[in-house]
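All remarks here apply to the structure that follows.
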Amino acid sequence: MPATRVRIAPSPTGPLHIGTARTALFNYLYARRHGGTFILRLEDTDVARSTVAFEADILEQLHWLGIAWDEGPDVAGGDDRGPFGPYRQMQRLERYAEAAGDLLARDLAYPCFCTTDELDADRKAQEAAHQPPRYIGRCAALTAEERAARVAEGRRSALRFRVRADRVSFDDLVRDEVEIDTANLGGDFVIVRSDGTPLYHFTVVVDDAAMEISHVIRGEDHLSNTPKHILLFRALGHEMPAFAHLPLILNPDRTKMSKRKSQTAIADYRAEGFVPEALVNYLALLGWSTGTEEEILSLDELTSRFDLEHVQKGGAVFDRERLEWLNGQWIRKLGPEDLIERLQPFLEADRQAGRIDRVPTPEELRPLVPIIQERLPTLGAVGDLIGFLWVDRVTVDPATLIPKRWDRGTTLGALQAGRETIAASVGPVTFEADELEPPLRALAEERGWKAGDLFMAIRVAVTGRTATPPLFDSLVALGRERVLARLDAAIDTLGRSEVS
RNA sequence: GCCCCCAUCGUCUAGAGGCCUAGGACGCCACCCUUUCAAGGUGGAGAUCAGGGGUUCGAAUCCCCUUGGGGGCACCA
């Protein structure tokens, strides 16, 4: 029984994509479940589009998600570790060159001198004739002399792999038997560009073989490419890995999830305040299930339950609402200190954006945890929720100050009475929720007001908004001085306004 | 156009011939709790299992066809 070795092979041509993250997760879970090895390999042969910044983002976000790899690069632009390195394809060029030389020597591949223009013209003609695009084989049977002549002309050549008439089938671990006629592969395909750099279909096979990958677990968008890979594995004389093609993550319109139609960068979800536990949990359940009704699962719990049998075959629409719900579930599971720590960067961001004037200390945050924890859909919502506590002044809209059942005069009177009640009945030292509520309720009863209306007027006066954490906790967090000052300011604002 | 794959509530899914008058979750609606907002609790609407043929005593589950959807067909990955 050969060792279980799986890999994620992202291309640093963009930030870590949610689909890549899920594929990485499934590979990770599979490796951990089977005591195997999980490898990260960077496919950076598209030199024009690959950047170190993207590489850094991919590594960073995978680390953040807790999807740890056993072999591969750990630092952008840095060294990598593992016995099958290097793990960046641009550092493995000799290996591809060697494999290419081998195929060329055995005439399993040949130099192609076709120009881009020629190829484009071929494609256009095929399109006009309603034919599927395919390489017509112009250079497939060139003699040594003809090749030499073209080289003498100074023409560069790409290397094409010969696709012979055959039927290729493989046993996909999630979709069972898949079969295709090689006539539908589009003809001989390029494996090395004319500039000498190798192409994906080629490098992936050379590397999967060299790194002794046992299971290729990837997105369904590669299903149609698999026969090409199989042909290459055979030509190169390598043992075939098992294949498992995962269903695609879809946009709401059921097309392959894309940046154009959906938010795809993991970094963006992170910046919004999604916690890695929720993202991992959600992504694992997109296209896979435990087979039970469990759904709140940690990475470890997912690991112990993972299997390829329960992987769905059809694509899965990305449902942000469900992600948000799961995020709330995970936020509620966080310990107080953990939550406080995770909130810091978001509060700092709010301060930098001018949404709050000061970042609270952990000590200030601690007593607020019970009232905010169940109200945060994301960590990033913290400013929206209790930002009024750290701003120098709140903006109060006179119109919202007036409860729906009241008019301007009643509100004005209520705010003044409320202010006096708070000032008179509660001293600066013993400013506590338990001591604030009874006198204010008594006031409402005495004046024949609904307590809720009084509370709402005070709430808006003091926070600037109609939806806040419980009023008395909010007042306590603000402190007597600020409560009174804000009430005064609101009374003033309403007093001058024209609204009724 | 050609090839490949797929098809259970709006969405994610359970279901591997009888346990299904199809279960759970998100979302939605109502009620409870309640000073607002959440959270939580309870209940509800929501799927003729895409359609049509078979096979079988019996099909969401097996087979075929149709339809629909998606993916792939690059000197991108």
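Ligands are numbered from 1 in the order shown, chains are lettered A, B, ... in the order of the structure tokens, and residues start at 1 in each chain.
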
Once you count only C-alpha atoms (C1' of nucleotides), which residues of chain B turn out to be within 12 Å of chain A? Could you give them as a short mmCIF file (atom, residue, chain, number, x, y, z; two decimals) with N, CA, C and O atoms (P, O5', C5', C4', C3', O3' and C1' of nucleotides), in the first residue's frame?
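What follows is the written file result.cif:
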```cif
data_model
loop_
_atom_site.label_atom_id
_atom_site.label_comp_id
_atom_site.auth_asym_id
_atom_site.auth_seq_id
_atom_site.Cartn_x
_atom_site.Cartn_y
_atom_site.Cartn_z
P G B 1 -24.79 24.34 -30.71
"O5'" G B 1 -23.55 23.64 -31.45
"C5'" G B 1 -23.58 23.35 -32.85
"C4'" G B 1 -22.23 22.83 -33.24
"C3'" G B 1 -21.73 21.67 -32.41
"O3'" G B 1 -22.19 20.45 -32.96
"C1'" G B 1 -20.04 23.34 -32.50
P C B 2 -22.61 19.23 -32.01
"O5'" C B 2 -21.21 18.66 -31.50
"C5'" C B 2 -20.35 17.98 -32.41
"C4'" C B 2 -19.03 17.72 -31.73
"C3'" C B 2 -19.14 17.02 -30.38
"O3'" C B 2 -19.23 15.62 -30.53
"C1'" C B 2 -17.70 18.89 -30.19
P C B 3 -20.06 14.79 -29.46
"O5'" C B 3 -19.05 14.72 -28.23
"C5'" C B 3 -17.81 14.00 -28.35
"C4'" C B 3 -16.96 14.27 -27.14
"C3'" C B 3 -17.60 13.98 -25.80
"O3'" C B 3 -17.49 12.60 -25.47
"C1'" C B 3 -16.59 16.11 -25.72
P C B 4 -18.59 11.96 -24.50
"O5'" C B 4 -18.19 12.56 -23.08
"C5'" C B 4 -16.95 12.21 -22.48
"C4'" C B 4 -16.74 13.03 -21.23
"C3'" C B 4 -17.86 12.96 -20.21
"O3'" C B 4 -17.75 11.81 -19.39
"C1'" C B 4 -17.26 15.21 -20.54
P C B 5 -19.07 11.22 -18.70
"O5'" C B 5 -19.38 12.30 -17.58
"C5'" C B 5 -18.47 12.51 -16.50
"C4'" C B 5 -18.91 13.68 -15.67
"C3'" C B 5 -20.32 13.61 -15.11
"O3'" C B 5 -20.38 12.81 -13.94
"C1'" C B 5 -19.96 15.74 -16.03
P C B 6 -21.75 12.10 -13.56
"O5'" C B 6 -22.66 13.32 -13.08
"C5'" C B 6 -22.30 14.08 -11.93
"C4'" C B 6 -23.18 15.30 -11.81
"C3'" C B 6 -24.66 15.04 -11.63
"O3'" C B 6 -24.95 14.81 -10.26
"C1'" C B 6 -24.35 16.71 -13.27
P A B 7 -26.36 14.06 -9.91
"O5'" A B 7 -27.46 15.18 -10.19
"C5'" A B 7 -27.43 16.44 -9.42
"C4'" A B 7 -28.71 17.20 -9.73
"C3'" A B 7 -29.94 16.35 -9.37
"O3'" A B 7 -30.79 16.82 -8.34
"C1'" A B 7 -29.88 16.89 -11.74
P U B 8 -30.74 18.09 -7.50
"O5'" U B 8 -31.99 17.77 -6.55
"C5'" U B 8 -33.17 17.21 -7.14
"C4'" U B 8 -34.12 16.86 -6.05
"C3'" U B 8 -34.31 17.97 -5.01
"O3'" U B 8 -35.27 18.92 -5.46
"C1'" U B 8 -33.96 15.91 -3.92
P G B 10 -37.77 25.28 -4.54
"O5'" G B 10 -36.75 26.48 -4.46
"C5'" G B 10 -36.53 27.33 -5.59
"C4'" G B 10 -35.52 28.37 -5.19
"C3'" G B 10 -34.23 27.79 -4.64
"O3'" G B 10 -33.31 27.55 -5.69
"C1'" G B 10 -35.08 29.39 -3.11
P U B 11 -32.34 26.29 -5.62
"O5'" U B 11 -31.37 26.72 -4.43
"C5'" U B 11 -30.41 27.75 -4.63
"C4'" U B 11 -29.54 27.84 -3.39
"C3'" U B 11 -28.96 26.51 -2.93
"O3'" U B 11 -27.80 26.16 -3.66
"C1'" U B 11 -29.91 27.62 -1.09
P C B 12 -27.44 24.62 -3.85
"O5'" C B 12 -26.86 24.27 -2.41
"C5'" C B 12 -25.68 24.93 -1.92
"C4'" C B 12 -25.34 24.39 -0.56
"C3'" C B 12 -25.32 22.86 -0.48
"O3'" C B 12 -24.09 22.33 -0.96
"C1'" C B 12 -26.55 23.73 1.34
P U B 13 -24.10 20.87 -1.54
"O5'" U B 13 -24.56 20.05 -0.26
"C5'" U B 13 -25.25 18.83 -0.37
"C4'" U B 13 -25.82 18.51 0.99
"C3'" U B 13 -26.49 17.15 1.09
"O3'" U B 13 -25.50 16.16 1.36
"C1'" U B 13 -27.90 18.79 2.03
P A B 14 -25.80 14.69 0.88
"O5'" A B 14 -26.85 14.20 1.97
"C5'" A B 14 -26.46 14.17 3.35
"C4'" A B 14 -27.52 13.49 4.16
"C3'" A B 14 -27.98 12.15 3.62
"O3'" A B 14 -27.09 11.12 4.00
"C1'" A B 14 -29.84 13.43 4.36
P G B 15 -26.64 10.01 2.95
"O5'" G B 15 -27.96 9.21 2.65
"C5'" G B 15 -28.78 8.73 3.74
"C4'" G B 15 -30.16 8.52 3.16
"C3'" G B 15 -30.15 7.45 2.06
"O3'" G B 15 -30.77 6.29 2.57
"C1'" G B 15 -31.33 9.45 1.43
P A B 16 -30.31 4.92 2.41
"O5'" A B 16 -30.31 4.69 0.85
"C5'" A B 16 -30.09 3.39 0.44
"C4'" A B 16 -29.40 3.44 -0.87
"C3'" A B 16 -28.76 2.08 -1.14
"O3'" A B 16 -29.66 1.38 -1.97
"C1'" A B 16 -27.13 3.81 -1.32
P G B 23 -40.15 15.04 5.71
"O5'" G B 23 -39.14 15.31 6.90
"C5'" G B 23 -38.98 14.34 7.92
"C4'" G B 23 -37.54 14.29 8.34
"C3'" G B 23 -36.85 15.65 8.48
"O3'" G B 23 -37.17 16.29 9.71
"C1'" G B 23 -35.46 14.24 7.22
P G B 24 -37.24 17.87 9.76
"O5'" G B 24 -35.71 18.27 9.84
"C5'" G B 24 -34.90 17.76 10.89
"C4'" G B 24 -33.47 18.15 10.67
"C3'" G B 24 -33.22 19.63 10.46
"O3'" G B 24 -33.15 20.33 11.69
"C1'" G B 24 -32.04 18.42 8.82
P A B 25 -33.59 21.87 11.73
"O5'" A B 25 -32.39 22.58 10.96
"C5'" A B 25 -31.07 22.56 11.52
"C4'" A B 25 -30.12 23.22 10.56
"C3'" A B 25 -30.55 24.61 10.08
"O3'" A B 25 -30.22 25.62 11.01
"C1'" A B 25 -29.87 23.32 8.23
P C B 26 -31.04 26.97 11.03
"O5'" C B 26 -30.52 27.71 9.72
"C5'" C B 26 -29.17 28.15 9.62
"C4'" C B 26 -28.95 28.80 8.28
"C3'" C B 26 -29.91 29.93 7.94
"O3'" C B 26 -29.48 31.14 8.52
"C1'" C B 26 -29.73 28.47 6.10
P G B 27 -30.59 32.17 9.10
"O5'" G B 27 -31.43 32.55 7.80
"C5'" G B 27 -30.83 33.35 6.79
"C4'" G B 27 -31.76 33.40 5.59
"C3'" G B 27 -33.19 33.83 5.89
"O3'" G B 27 -33.29 35.24 5.97
"C1'" G B 27 -33.22 31.93 4.50
P U B 34 -40.51 38.52 29.19
"O5'" U B 34 -39.77 39.69 28.42
"C5'" U B 34 -38.37 39.96 28.67
"C4'" U B 34 -37.85 40.86 27.59
"C3'" U B 34 -38.61 42.16 27.41
"O3'" U B 34 -38.17 43.15 28.33
"C1'" U B 34 -38.23 41.14 25.31
P U B 35 -39.10 44.43 28.59
"O5'" U B 35 -38.77 45.40 27.39
"C5'" U B 35 -39.66 46.46 27.03
"C4'" U B 35 -38.90 47.48 26.24
"C3'" U B 35 -38.05 46.90 25.13
"O3'" U B 35 -38.82 46.80 23.95
"C1'" U B 35 -36.76 48.44 26.42
P U B 36 -38.54 45.65 22.91
"O5'" U B 36 -37.61 46.36 21.84
"C5'" U B 36 -38.10 47.46 21.07
"C4'" U B 36 -36.97 48.00 20.25
"C3'" U B 36 -36.22 46.97 19.42
"O3'" U B 36 -36.87 46.74 18.19
"C1'" U B 36 -34.66 48.33 20.58
P C B 37 -36.86 45.29 17.56
"O5'" C B 37 -35.31 45.06 17.28
"C5'" C B 37 -34.60 45.91 16.38
"C4'" C B 37 -33.15 45.52 16.39
"C3'" C B 37 -32.90 44.02 16.24
"O3'" C B 37 -32.96 43.65 14.89
"C1'" C B 37 -31.56 44.90 17.98
P A B 38 -33.18 42.12 14.49
"O5'" A B 38 -31.76 41.51 14.87
"C5'" A B 38 -31.66 40.20 15.32
"C4'" A B 38 -30.36 40.06 16.06
"C3'" A B 38 -30.14 38.67 16.62
"O3'" A B 38 -29.56 37.85 15.63
"C1'" A B 38 -29.80 40.26 18.32
P A B 39 -30.17 36.40 15.36
"O5'" A B 39 -29.73 35.62 16.68
"C5'" A B 39 -28.36 35.50 17.04
"C4'" A B 39 -28.26 35.05 18.47
"C3'" A B 39 -29.09 33.82 18.81
"O3'" A B 39 -28.41 32.63 18.48
"C1'" A B 39 -29.47 35.49 20.43
P G B 40 -29.24 31.39 17.89
"O5'" G B 40 -30.18 31.01 19.12
"C5'" G B 40 -29.60 30.51 20.34
"C4'" G B 40 -30.67 30.37 21.37
"C3'" G B 40 -31.89 29.57 20.96
"O3'" G B 40 -31.67 28.18 21.06
"C1'" G B 40 -32.58 31.55 22.05
P G B 69 -30.46 25.62 -19.96
"O5'" G B 69 -29.46 25.27 -18.76
"C5'" G B 69 -29.70 25.82 -17.46
"C4'" G B 69 -28.72 25.21 -16.48
"C3'" G B 69 -27.26 25.35 -16.84
"O3'" G B 69 -26.75 26.63 -16.54
"C1'" G B 69 -27.67 23.15 -16.10
P G B 70 -25.52 27.18 -17.42
"O5'" G B 70 -24.30 26.36 -16.82
"C5'" G B 70 -23.99 26.46 -15.43
"C4'" G B 70 -22.98 25.41 -15.07
"C3'" G B 70 -21.68 25.43 -15.83
"O3'" G B 70 -20.79 26.38 -15.29
"C1'" G B 70 -22.47 23.22 -15.72
P G B 71 -19.69 27.02 -16.23
"O5'" G B 71 -18.67 25.81 -16.40
"C5'" G B 71 -17.95 25.33 -15.26
"C4'" G B 71 -17.16 24.11 -15.66
"C3'" G B 71 -16.20 24.30 -16.82
"O3'" G B 71 -14.98 24.87 -16.40
"C1'" G B 71 -17.42 22.33 -17.16
P G B 72 -14.13 25.68 -17.48
"O5'" G B 72 -13.61 24.51 -18.43
"C5'" G B 72 -12.76 23.50 -17.92
"C4'" G B 72 -12.48 22.50 -19.02
"C3'" G B 72 -11.94 23.10 -20.30
"O3'" G B 72 -10.55 23.33 -20.19
"C1'" G B 72 -13.65 21.57 -20.81
P C B 73 -9.83 24.19 -21.33
"O5'" C B 73 -9.92 23.17 -22.55
"C5'" C B 73 -9.23 23.43 -23.73
"C4'" C B 73 -9.78 22.55 -24.82
"C3'" C B 73 -9.88 23.28 -26.15
"O3'" C B 73 -8.63 23.27 -26.82
"C1'" C B 73 -11.89 22.17 -25.72
P A B 74 -8.03 24.63 -27.16
"O5'" A B 74 -6.53 24.20 -26.78
"C5'" A B 74 -5.87 24.89 -25.82
"C4'" A B 74 -5.04 26.01 -26.43
"C3'" A B 74 -3.72 26.08 -25.67
"O3'" A B 74 -2.57 25.94 -26.46
"C1'" A B 74 -5.12 28.06 -25.30
P C B 75 -2.17 26.54 -27.76
"O5'" C B 75 -0.87 27.10 -27.03
"C5'" C B 75 -0.36 26.43 -25.86
"C4'" C B 75 0.67 27.38 -25.33
"C3'" C B 75 0.09 28.81 -25.37
"O3'" C B 75 -0.18 29.26 -24.05
"C1'" C B 75 2.22 28.59 -26.57
P C B 76 0.33 30.19 -23.12
"O5'" C B 76 -0.88 30.49 -22.14
"C5'" C B 76 -1.29 29.46 -21.25
"C4'" C B 76 -1.69 30.12 -19.97
"C3'" C B 76 -1.59 29.25 -18.74
"O3'" C B 76 -0.27 29.26 -18.25
"C1'" C B 76 -3.68 30.34 -18.80
P A B 77 0.36 27.87 -17.69
"O5'" A B 77 -0.45 27.64 -16.35
"C5'" A B 77 -0.33 28.55 -15.26
"C4'" A B 77 -1.45 28.25 -14.28
"C3'" A B 77 -1.49 26.82 -13.78
"O3'" A B 77 -0.63 26.62 -12.68
"C1'" A B 77 -3.64 27.43 -14.54
#
```

Sort by chain and increasing residue number a table of all residues of range 230-336 of chain A within 9 Å of range 20-31 of chain A, each with its closest pair of atoms and their distance in Å to one decimal, counting only C-alpha atoms, and write it as a Markdown table.
```
| residue | atom | partner | partner_atom | distance |
| --- | --- | --- | --- | --- |
| A:Leu246 | CA | A:Thr23 | CA | 7.8 |
| A:Ile249 | CA | A:Arg22 | CA | 9.0 |
| A:Ile266 | CA | A:Ala21 | CA | 7.8 |
| A:Val280 | CA | A:Leu25 | CA | 7.5 |
| A:Leu283 | CA | A:Arg22 | CA | 5.7 |
| A:Ala284 | CA | A:Arg22 | CA | 6.9 |
| A:Leu286 | CA | A:Arg22 | CA | 8.4 |
| A:Leu299 | CA | A:Leu29 | CA | 8.3 |
| A:Asp300 | CA | A:Leu29 | CA | 8.8 |
| A:Leu302 | CA | A:Leu29 | CA | 7.2 |
| A:Thr303 | CA | A:Leu29 | CA | 5.1 |
| A:Ser304 | CA | A:Leu29 | CA | 8.3 |
| A:Arg305 | CA | A:Leu29 | CA | 8.9 |
| A:Phe306 | CA | A:Leu29 | CA | 6.4 |
| A:Asp307 | CA | A:Tyr30 | CA | 7.0 |
| A:Leu308 | CA | A:Tyr30 | CA | 8.0 |
```

**Request:** Could you give me, as a list in words, the residues within 6 Å of range 51-65 of chain A, counting only C-alpha atoms (C1' of nucleotides) and dropping anything in the same chain fewer than 5 positions from it?
**Result:** Pro12, Gly14, Pro15, Leu16, Ala76 and Pro276 of chain A

Atoms kept (N, CA and C atoms) for selection, written as a PDB file, in the first residue's frame:
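New file selection_29.pdb:
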```
ATOM      1  N   PRO A  12       0.197  31.395  -8.275  1.00  0.00           N
ATOM      2  CA  PRO A  12       0.229  32.724  -7.643  1.00  0.00           C
ATOM      3  C   PRO A  12      -0.115  33.854  -8.607  1.00  0.00           C
ATOM      4  N   GLY A  14      -3.113  35.326  -8.421  1.00  0.00           N
ATOM      5  CA  GLY A  14      -4.214  36.046  -7.809  1.00  0.00           C
ATOM      6  C   GLY A  14      -4.214  35.702  -6.334  1.00  0.00           C
ATOM      7  N   PRO A  15      -4.995  36.439  -5.530  1.00  0.00           N
ATOM      8  CA  PRO A  15      -5.057  36.120  -4.104  1.00  0.00           C
ATOM      9  C   PRO A  15      -5.728  34.765  -3.904  1.00  0.00           C
ATOM     10  N   LEU A  16      -5.542  34.156  -2.735  1.00  0.00           N
ATOM     11  CA  LEU A  16      -6.136  32.837  -2.489  1.00  0.00           C
ATOM     12  C   LEU A  16      -7.639  32.888  -2.745  1.00  0.00           C
ATOM     13  N   ALA A  76       6.789  33.418   1.522  1.00  0.00           N
ATOM     14  CA  ALA A  76       6.821  33.917   0.153  1.00  0.00           C
ATOM     15  C   ALA A  76       8.252  34.258  -0.234  1.00  0.00           C
ATOM     16  N   PRO A 276     -11.820  31.971  10.893  1.00  0.00           N
ATOM     17  CA  PRO A 276     -11.380  30.815  10.104  1.00  0.00           C
ATOM     18  C   PRO A 276     -12.175  29.550  10.404  1.00  0.00           C
TER      19      PRO A 276
END
```

**Request:** Taking the chain letters and numbering used in this document, name the residues of range 269-381 of chain A that DSSP puts in strand (DSSP E or B), as a ChimeraX atom specification.
**Result:** /A:288,311,316-317
